[in-house]
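Heads up, the thing below is written out as structure tokens.
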Amino acid sequence: MNKIKQFWALLKFQMAINLLIILMPLIFIMGYIPYLTRSPGHAYNLAYLLSNQNIFFVGFIAIMLLAPEVMRSAATSCVWPTGTEFLLTRAVDRRLVFRARSLLVYLGILAVPVAMFLFALKSPGLQLAEYNKISYRQVVNQLAGSIPAPAEKDGRSEKITIPNGNTLVESWHIWQFLCVAVCTQVFVLLIYPLKYRRFILWGTYLGCIFVPLIISILSISRILSISPHDVSRGESLSTNEAVFFAFVAHQWIFWFVTILALLMGQLWCKRRFARLEQ
Amino acid sequence: MTNEDPILVQNVSRAYDGPPVLRDLSLSVREGSIYGFLGRNASGKTTTLRMLAGLIRPHSGEVRIMGRDPFTTGAEERQWVGYMSETGMVPAYTKVGSVLKLGRALYPTWDAALADSLVAKYDLSPGKRFSALSQGKQRLLGFVMAIVPRPKVLLLDEPAANLDVMARREILDDILDLIRDCGCTVLFSTHILSDIERVADEIGILAGGNLRVSEPLDSLKDSIRQVRFFGFKDGIPGEQVPGSFRAIRGRDELTVTLRINPAFTPEDMARRWSCQVETRALSLEDIFVELSLN
């Protein structure tokens with residue numbers, strides 16, 4: 001049996017039947033609308049650029065396409081419309097079903113950030129506003145070529161120009177997406193043998209969304225108790241910024257480890273996913 | 001039971017998150033025969049079929065389709081197994097034409113002429129989405145996908161559910177045609193006993209996680225009887241009747257469903273108990289009820 005022909009048939013069929021899930025990453029573009037419609041010379045807040053709500057969709061897409069149906073719905077009713085039961089009972093190699101799915105996952109989640117990266121190559125320069133002294137210092141010290149913009153009337157410069165800032169931010173987004181997808185796959189496999197796997201999976205997923213939200217709501221009172229000036233000039237780095245600076249400083253290591261994890265994860269996951277009961 | 005039987009289940013147990021659904025189940029289907037698989041709801045029929053289709057694994061024991069573990073077989077072996085599931089056959093938004101196209105791409109043995117004739121016969125419009133088909137037509141499409149590759153083993157989970165009488169008869173005729181053409185071995189579960197009587201060579205009744213009986217239909221009908229013992233002189237004895245499946249003790253009579261043993265007939269029992277006896281043949285439905293209740 002021709003495996004390549006089988007693979008393409010499976011890929012096309014799964015793309016058609018999972019169209020809604022495959023098209024879901026298009027909403028990633030919403031996060032880029034302010035960026036795409038910016039005016040020339042607009043200065044950004046680095047923490048804002050690095051934050052990315054879309055990573056929750058990456059997790060969702062990975063779960064919906066790769067997790068066994070018993071982890072998505074009740075144990076004996078495999079009715080979720082991803083067609084796993086139908087496909088696995090046809091003349092296919094189980095591994096090819098998951099290989100095709102895995103390709104769909106990565107094509108889906110990487111399409112928009114890669115497109116944005118290519119777009120960023122056209123105008124890689126980024127201007128940041130100073131909103132945090134530590135962040136400001138880190139940018140000047142760690143991002144090669146970054147320089148404070150020419151001083152304005154009061155003689156003080158509050159902007160920094162980073163020559164390849166846009167490409168750095170977009171590669172950071174691609175790295176984030178890859179990390180979340182790989183971690184989701186590995187997490188699904190790790191919890192698969194557990195009795196309450198379905199609840200753990202969705203509990204963790206919802207926890208990742210809501211816990212940071214609840215923490216930020218709880219910290220509102222603290223924020224309200226300090227002046228807006230203090231908030232805007234806070235003296236600490238966000239987690240995203242801290243990891244981003246480490247990412248920029250050791251890009252090759254980060255990419256090497258991520259690609260290695262991706263390849264290992266793919267090999268491991270495809271073999272493992274193919275062995276899981278649906 | 002021989003190791004050459006195309007469908008073989010040996011000492012299989014399987015549970016979900018609770019008590020076992022199957023307990024030490026053993027079952028085999030001879031090549032070229034039609035095996036009717038009966039059982040009450042949640043008796044484990046679908047679990048058995050899902051195991052044979054390679055969707056789930058037994059917790060103990062082994063399952064073999066044409067001598068291979070269905071969970072690990074590749075495309076080469078899978079092309080010889082047709083499977084029609086009870087639910088979740090085809091994703092809702094898939095078009096009938098796309099499903100058939102996938103079948104054509106995956107199966108070297110895909111019989112395009114048979115597919116066309118069945119699609120026309122069952123009036124399955126290729127442009128329609130699966131979700132737009134009636135439940136009966138959805139099942140017919142599942143049946144087409146299972147039968148058109150001309151499998152050597154056909155596993156059908158409630159193939160006739162939601163079908164009208166005509167469609168049911170057509171499906172049964174198509175199964176018989178397939179067997180005539182290529183000696184296909186069929187295992188099908190159903191609640192419609194008239195279908196079993198019409199086509200099955202052998203039947204198995206699943207109850208309590210195990211096969212209560214597994215034998216040719218005629219032999220089963222000939223050997224299972226309901227026997228009424230009455231007119232006891234010394235009251236109903238406490239002794240159990242050999243080969244009995246179920247016994248109902250009345251005030252002055254004992255009704256027993258049993259397998260007739262030529263070496264020790266109900267008449268022999270009646271002589272021993274000094275009572276009268278009346279024997280009644282059972283329909284398949286009666287046999288099913290009697291064996292499932294116990």
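In the structure tokens, chains take the letters A, B, ... in the order shown, each chain's residues start at 1, and ligands count up from 1 in the order shown.
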Excluding Phe98 in chain A and any residue of its chain fewer than 6 positions from it, enumerate the residues within 8 Å of it, using only C-alpha atoms, and give them as an mmCIF file with N, CA and C atoms, in the first residue's frame.
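Dumped everything to around18.cif:
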data_model
loop_
_atom_site.group_PDB
_atom_site.id
_atom_site.type_symbol
_atom_site.label_atom_id
_atom_site.label_comp_id
_atom_site.auth_asym_id
_atom_site.auth_seq_id
_atom_site.Cartn_x
_atom_site.Cartn_y
_atom_site.Cartn_z
ATOM 1 N N LEU A 66 -5.328 16.110 18.762
ATOM 2 C CA LEU A 66 -4.416 15.017 19.096
ATOM 3 C C LEU A 66 -4.838 14.167 20.282
ATOM 4 N N LYS A 270 3.850 10.477 18.228
ATOM 5 C CA LYS A 270 3.166 9.723 17.172
ATOM 6 C C LYS A 270 3.134 8.232 17.494
ATOM 7 N N PHE A 273 0.734 8.179 20.635
ATOM 8 C CA PHE A 273 -0.672 8.465 20.330
ATOM 9 C C PHE A 273 -1.291 7.318 19.541
ATOM 10 N N ALA A 274 -0.496 6.736 18.658
ATOM 11 C CA ALA A 274 -1.028 5.637 17.854
ATOM 12 C C ALA A 274 -1.349 4.420 18.705
#
Find the residues of chain A that sit at most 10 Å from chain B; for each, write down the nearest two atoms and how far apart they are in Å, to one decimal. Count only C-alpha atoms. Sort by chain, then by number going up, and give it as a tab-separated table.
residue	atom	partner	partner_atom	distance
A:Met1	CA	B:Glu76	CA	6.7
A:Asn2	CA	B:Leu106	CA	9.0
A:Lys3	CA	B:Ala75	CA	9.1
A:Lys5	CA	B:Ala105	CA	7.5
A:Gln6	CA	B:Leu106	CA	6.0
A:Phe7	CA	B:Leu106	CA	9.4
A:Trp8	CA	B:Ala105	CA	9.4
A:Ala9	CA	B:Leu102	CA	6.5
A:Leu10	CA	B:Leu102	CA	7.7
A:Lys12	CA	B:Leu102	CA	9.1
A:Phe13	CA	B:Leu102	CA	7.0
A:Gln14	CA	B:Thr94	CA	9.8
A:Ala16	CA	B:Thr94	CA	7.3
A:Ile17	CA	B:Thr94	CA	5.7
A:Asn18	CA	B:Pro91	CA	8.6
A:Leu19	CA	B:Tyr93	CA	9.1
A:Leu20	CA	B:Tyr93	CA	9.9
A:Ala75	CA	B:Tyr16	CA	7.7
A:Thr76	CA	B:Tyr16	CA	8.5
A:Ser77	CA	B:Thr87	CA	7.5
A:Cys78	CA	B:Gly88	CA	5.9
A:Val79	CA	B:Gly88	CA	4.6
A:Trp80	CA	B:Gly88	CA	7.5
A:Pro81	CA	B:Pro91	CA	4.5
A:Thr82	CA	B:Pro91	CA	6.2
A:Gly83	CA	B:Pro91	CA	5.3
A:Thr84	CA	B:Gly88	CA	8.7
A:Glu85	CA	B:Gly88	CA	6.8
A:Phe86	CA	B:Met89	CA	5.2
A:Leu87	CA	B:Val90	CA	8.7
A:Leu88	CA	B:Leu55	CA	7.2
A:Thr89	CA	B:Ala53	CA	6.2
A:Arg90	CA	B:Arg78	CA	6.6
A:Ala91	CA	B:Ala75	CA	4.4
A:Val92	CA	B:Ala75	CA	4.2
A:Asp93	CA	B:Gly74	CA	4.8
A:Arg94	CA	B:Gly74	CA	7.2
A:Arg95	CA	B:Gly74	CA	9.1
A:Leu96	CA	B:Ala75	CA	9.8
A:Lys195	CA	B:Asp17	CA	7.7
A:Tyr196	CA	B:Asp17	CA	9.7
A:Ala274	CA	B:Thr72	CA	9.2
A:Arg275	CA	B:Phe71	CA	8.0
A:Leu276	CA	B:Ile56	CA	8.3
A:Glu277	CA	B:Ile56	CA	5.1
A:Gln278	CA	B:Leu55	CA	6.1
Give me the residues near Leu133 in chain B as a tab-separated table (two decimals) with N, CA and C atoms, in the first residue's frame, where near means some atom within 10 Å (using only C-alpha atoms) and where sequence neighbours in that chain fewer than 6 positions away do not count.
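For reference, around-v9.tsv as written:
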chain	number	residue	atom	x	y	z
B	92	ALA	N	-19.88	14.98	11.35
B	92	ALA	CA	-21.15	15.54	10.88
B	92	ALA	C	-21.06	16.34	9.58
B	95	LYS	N	-19.07	15.42	3.63
B	95	LYS	CA	-19.99	15.10	2.54
B	95	LYS	C	-19.89	13.61	2.21
B	96	VAL	N	-21.00	13.07	1.78
B	96	VAL	CA	-21.05	11.65	1.40
B	96	VAL	C	-19.97	11.35	0.36
B	124	LEU	N	-28.20	7.65	-1.64
B	124	LEU	CA	-27.28	8.48	-0.85
B	124	LEU	C	-26.67	9.53	-1.78
B	125	SER	N	-27.11	10.75	-1.64
B	125	SER	CA	-26.64	11.80	-2.54
B	125	SER	C	-25.21	12.21	-2.15
B	139	ARG	N	-26.71	5.27	8.66
B	139	ARG	CA	-26.31	3.88	8.91
B	139	ARG	C	-26.03	3.17	7.58
B	140	LEU	N	-26.85	3.50	6.59
B	140	LEU	CA	-26.62	2.87	5.28
B	140	LEU	C	-25.27	3.27	4.71
B	141	LEU	N	-24.88	4.54	4.91
B	141	LEU	CA	-23.57	4.97	4.43
B	141	LEU	C	-22.46	4.21	5.18
Quiz prompt | DSSP helix (DSSP H, G or I) residues within range 36-161 of chain B, as a PyMOL selection string | solution = chain B and resi 45-52+75-78+96-106+112-121+130-132+135-147
Quiz item: Do you know which residues are at most 7 Å from range 176-189 of chain A counting only C-alpha atoms, after dropping those on the same chain fewer than 5 positions away, and could you put them as an MDAnalysis selection string?
Solution: chainID A and resid 55 58:59 62 67 258 262 265 269
Just write the chosen residues, N, CA, C and O atoms, as a compact mmCIF listing (two decimals), in the first residue's frame.
# COMPACT_ATOMS: atom_id res chain seq x y z
N ILE A 55 -2.11 31.90 22.92
CA ILE A 55 -1.52 30.61 23.29
C ILE A 55 -2.58 29.65 23.85
O ILE A 55 -2.42 28.45 23.78
N VAL A 58 -3.81 27.71 21.02
CA VAL A 58 -2.83 26.70 20.59
C VAL A 58 -3.05 25.42 21.39
O VAL A 58 -3.12 24.32 20.83
N GLY A 59 -3.20 25.58 22.71
CA GLY A 59 -3.46 24.42 23.57
C GLY A 59 -4.75 23.73 23.18
O GLY A 59 -4.81 22.50 23.08
N ALA A 62 -4.36 21.79 19.88
CA ALA A 62 -3.56 20.57 20.08
C ALA A 62 -4.39 19.50 20.79
O ALA A 62 -4.34 18.32 20.41
N ALA A 67 -5.54 14.76 21.24
CA ALA A 67 -5.89 13.97 22.43
C ALA A 67 -6.89 12.87 22.05
O ALA A 67 -7.76 13.08 21.21
N THR A 258 14.22 23.76 21.59
CA THR A 258 12.80 23.68 21.19
C THR A 258 12.62 22.75 19.99
O THR A 258 11.71 21.91 19.99
N LEU A 262 10.66 19.38 19.89
CA LEU A 262 9.59 19.21 18.91
C LEU A 262 9.77 17.89 18.15
O LEU A 262 8.82 17.10 18.02
N GLY A 265 9.42 15.05 20.57
CA GLY A 265 7.99 15.00 20.93
C GLY A 265 7.17 14.38 19.81
O GLY A 265 6.29 13.57 20.05
N CYS A 269 5.43 11.18 20.47
CA CYS A 269 3.98 11.33 20.52
C CYS A 269 3.28 10.49 19.45
O CYS A 269 2.28 9.85 19.73
Quiz prompt | Shell of 12 Å around Arg168 in chain B, only C-alpha atoms, local chain residues under 3 positions omitted, as JSON, numbers by chain | solution = {"B": [122, 136, 137, 139, 140, 143, 158, 159, 160, 161, 162, 163, 164, 165, 171, 172, 173, 174, 175, 190, 192, 194, 195, 196, 198, 199]}
Quick one: write out the picked residues with N, CA and C atoms as a CSV table (one decimal), in the first residue's frame?
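Dumped everything to out.csv:
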chain,number,residue,atom,x,y,z
B,122,TYR,N,-29.5,2.9,-2.2
B,122,TYR,CA,-29.9,3.5,-0.9
B,122,TYR,C,-30.2,5.0,-1.0
B,136,GLY,N,-31.3,6.7,9.4
B,136,GLY,CA,-31.3,5.5,8.7
B,136,GLY,C,-30.3,5.5,7.6
B,137,LYS,N,-30.3,6.7,6.9
B,137,LYS,CA,-29.3,6.8,5.7
B,137,LYS,C,-27.9,6.9,6.2
B,139,ARG,N,-26.7,5.3,8.7
B,139,ARG,CA,-26.3,3.9,8.9
B,139,ARG,C,-26.0,3.2,7.6
B,140,LEU,N,-26.8,3.5,6.6
B,140,LEU,CA,-26.6,2.9,5.3
B,140,LEU,C,-25.3,3.3,4.7
B,143,PHE,N,-22.7,1.3,6.4
B,143,PHE,CA,-22.7,-0.1,5.8
B,143,PHE,C,-22.0,-0.1,4.5
B,158,GLU,N,-25.0,-3.2,15.4
B,158,GLU,CA,-26.4,-2.8,15.2
B,158,GLU,C,-26.6,-2.2,13.8
B,159,PRO,N,-26.4,-3.0,12.7
B,159,PRO,CA,-26.5,-2.4,11.4
B,159,PRO,C,-27.9,-2.0,11.0
B,160,ALA,N,-28.9,-2.7,11.7
B,160,ALA,CA,-30.3,-2.4,11.3
B,160,ALA,C,-31.0,-1.4,12.1
B,161,ALA,N,-30.3,-0.8,13.1
B,161,ALA,CA,-30.9,0.2,14.0
B,161,ALA,C,-31.4,1.4,13.1
B,162,ASN,N,-32.5,1.9,13.4
B,162,ASN,CA,-33.1,3.1,12.7
B,162,ASN,C,-33.5,2.8,11.3
B,163,LEU,N,-33.5,1.6,10.8
B,163,LEU,CA,-33.8,1.4,9.4
B,163,LEU,C,-35.2,0.8,9.3
B,164,ASP,N,-35.9,1.2,8.2
B,164,ASP,CA,-37.2,0.6,8.0
B,164,ASP,C,-37.0,-0.8,7.5
B,165,VAL,N,-38.1,-1.5,7.4
B,165,VAL,CA,-38.1,-2.9,7.1
B,165,VAL,C,-37.4,-3.2,5.8
B,171,ILE,N,-30.2,-4.6,3.4
B,171,ILE,CA,-28.9,-4.8,4.0
B,171,ILE,C,-28.6,-6.3,4.2
B,172,LEU,N,-29.5,-7.0,4.7
B,172,LEU,CA,-29.3,-8.4,4.9
B,172,LEU,C,-29.1,-9.2,3.6
B,173,ASP,N,-29.8,-8.8,2.6
B,173,ASP,CA,-29.5,-9.4,1.3
B,173,ASP,C,-28.1,-9.1,0.8
B,174,ASP,N,-27.7,-7.9,1.0
B,174,ASP,CA,-26.3,-7.5,0.6
B,174,ASP,C,-25.3,-8.3,1.3
B,175,ILE,N,-25.5,-8.5,2.6
B,175,ILE,CA,-24.6,-9.3,3.4
B,175,ILE,C,-24.5,-10.7,2.8
B,190,THR,N,-27.2,-7.2,17.1
B,190,THR,CA,-28.5,-6.6,16.9
B,190,THR,C,-29.5,-6.9,18.0
B,192,ILE,N,-32.7,-7.0,16.8
B,192,ILE,CA,-33.8,-7.5,16.0
B,192,ILE,C,-33.7,-9.0,15.7
B,194,SER,N,-35.6,-11.1,14.4
B,194,SER,CA,-36.0,-11.7,13.1
B,194,SER,C,-34.9,-11.6,12.1
B,195,ASP,N,-34.0,-10.6,12.3
B,195,ASP,CA,-32.9,-10.5,11.4
B,195,ASP,C,-31.9,-11.7,11.6
B,196,ILE,N,-31.7,-12.0,12.9
B,196,ILE,CA,-30.8,-13.1,13.2
B,196,ILE,C,-31.4,-14.4,12.6
B,198,ARG,N,-33.2,-14.8,10.2
B,198,ARG,CA,-33.2,-14.8,8.7
B,198,ARG,C,-31.8,-15.1,8.2
B,199,VAL,N,-30.8,-14.6,8.8
B,199,VAL,CA,-29.5,-14.8,8.1
B,199,VAL,C,-28.4,-15.5,8.9
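Atom pair CA of Leu258 in chain B / CA of Phe37 in chain B: separated by 20.6 Å.
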Self-check item: Selection: 12 Å around Ile287 in chain B, only C-alpha atoms, excl. self and same-chain fewer than 6 positions, as JSON, numbers by chain
Solution: {"B": [38, 39, 193, 203, 204, 205, 212, 213, 217, 220, 221, 222, 223, 224, 225, 226, 245, 246, 256, 257, 258, 259, 280, 281, 293, 294]}
Practice problem: Go through A:Leu46, A:Leu267, A:Met64, A:Ile259 and flag the residue nearest Leu128 in chain A, using only C-alpha atoms for the distances. | Solution: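 Between A:Leu46, A:Leu267, A:Met64, A:Ile259, the residue approaching Leu128 in chain A most closely is A:Leu46.
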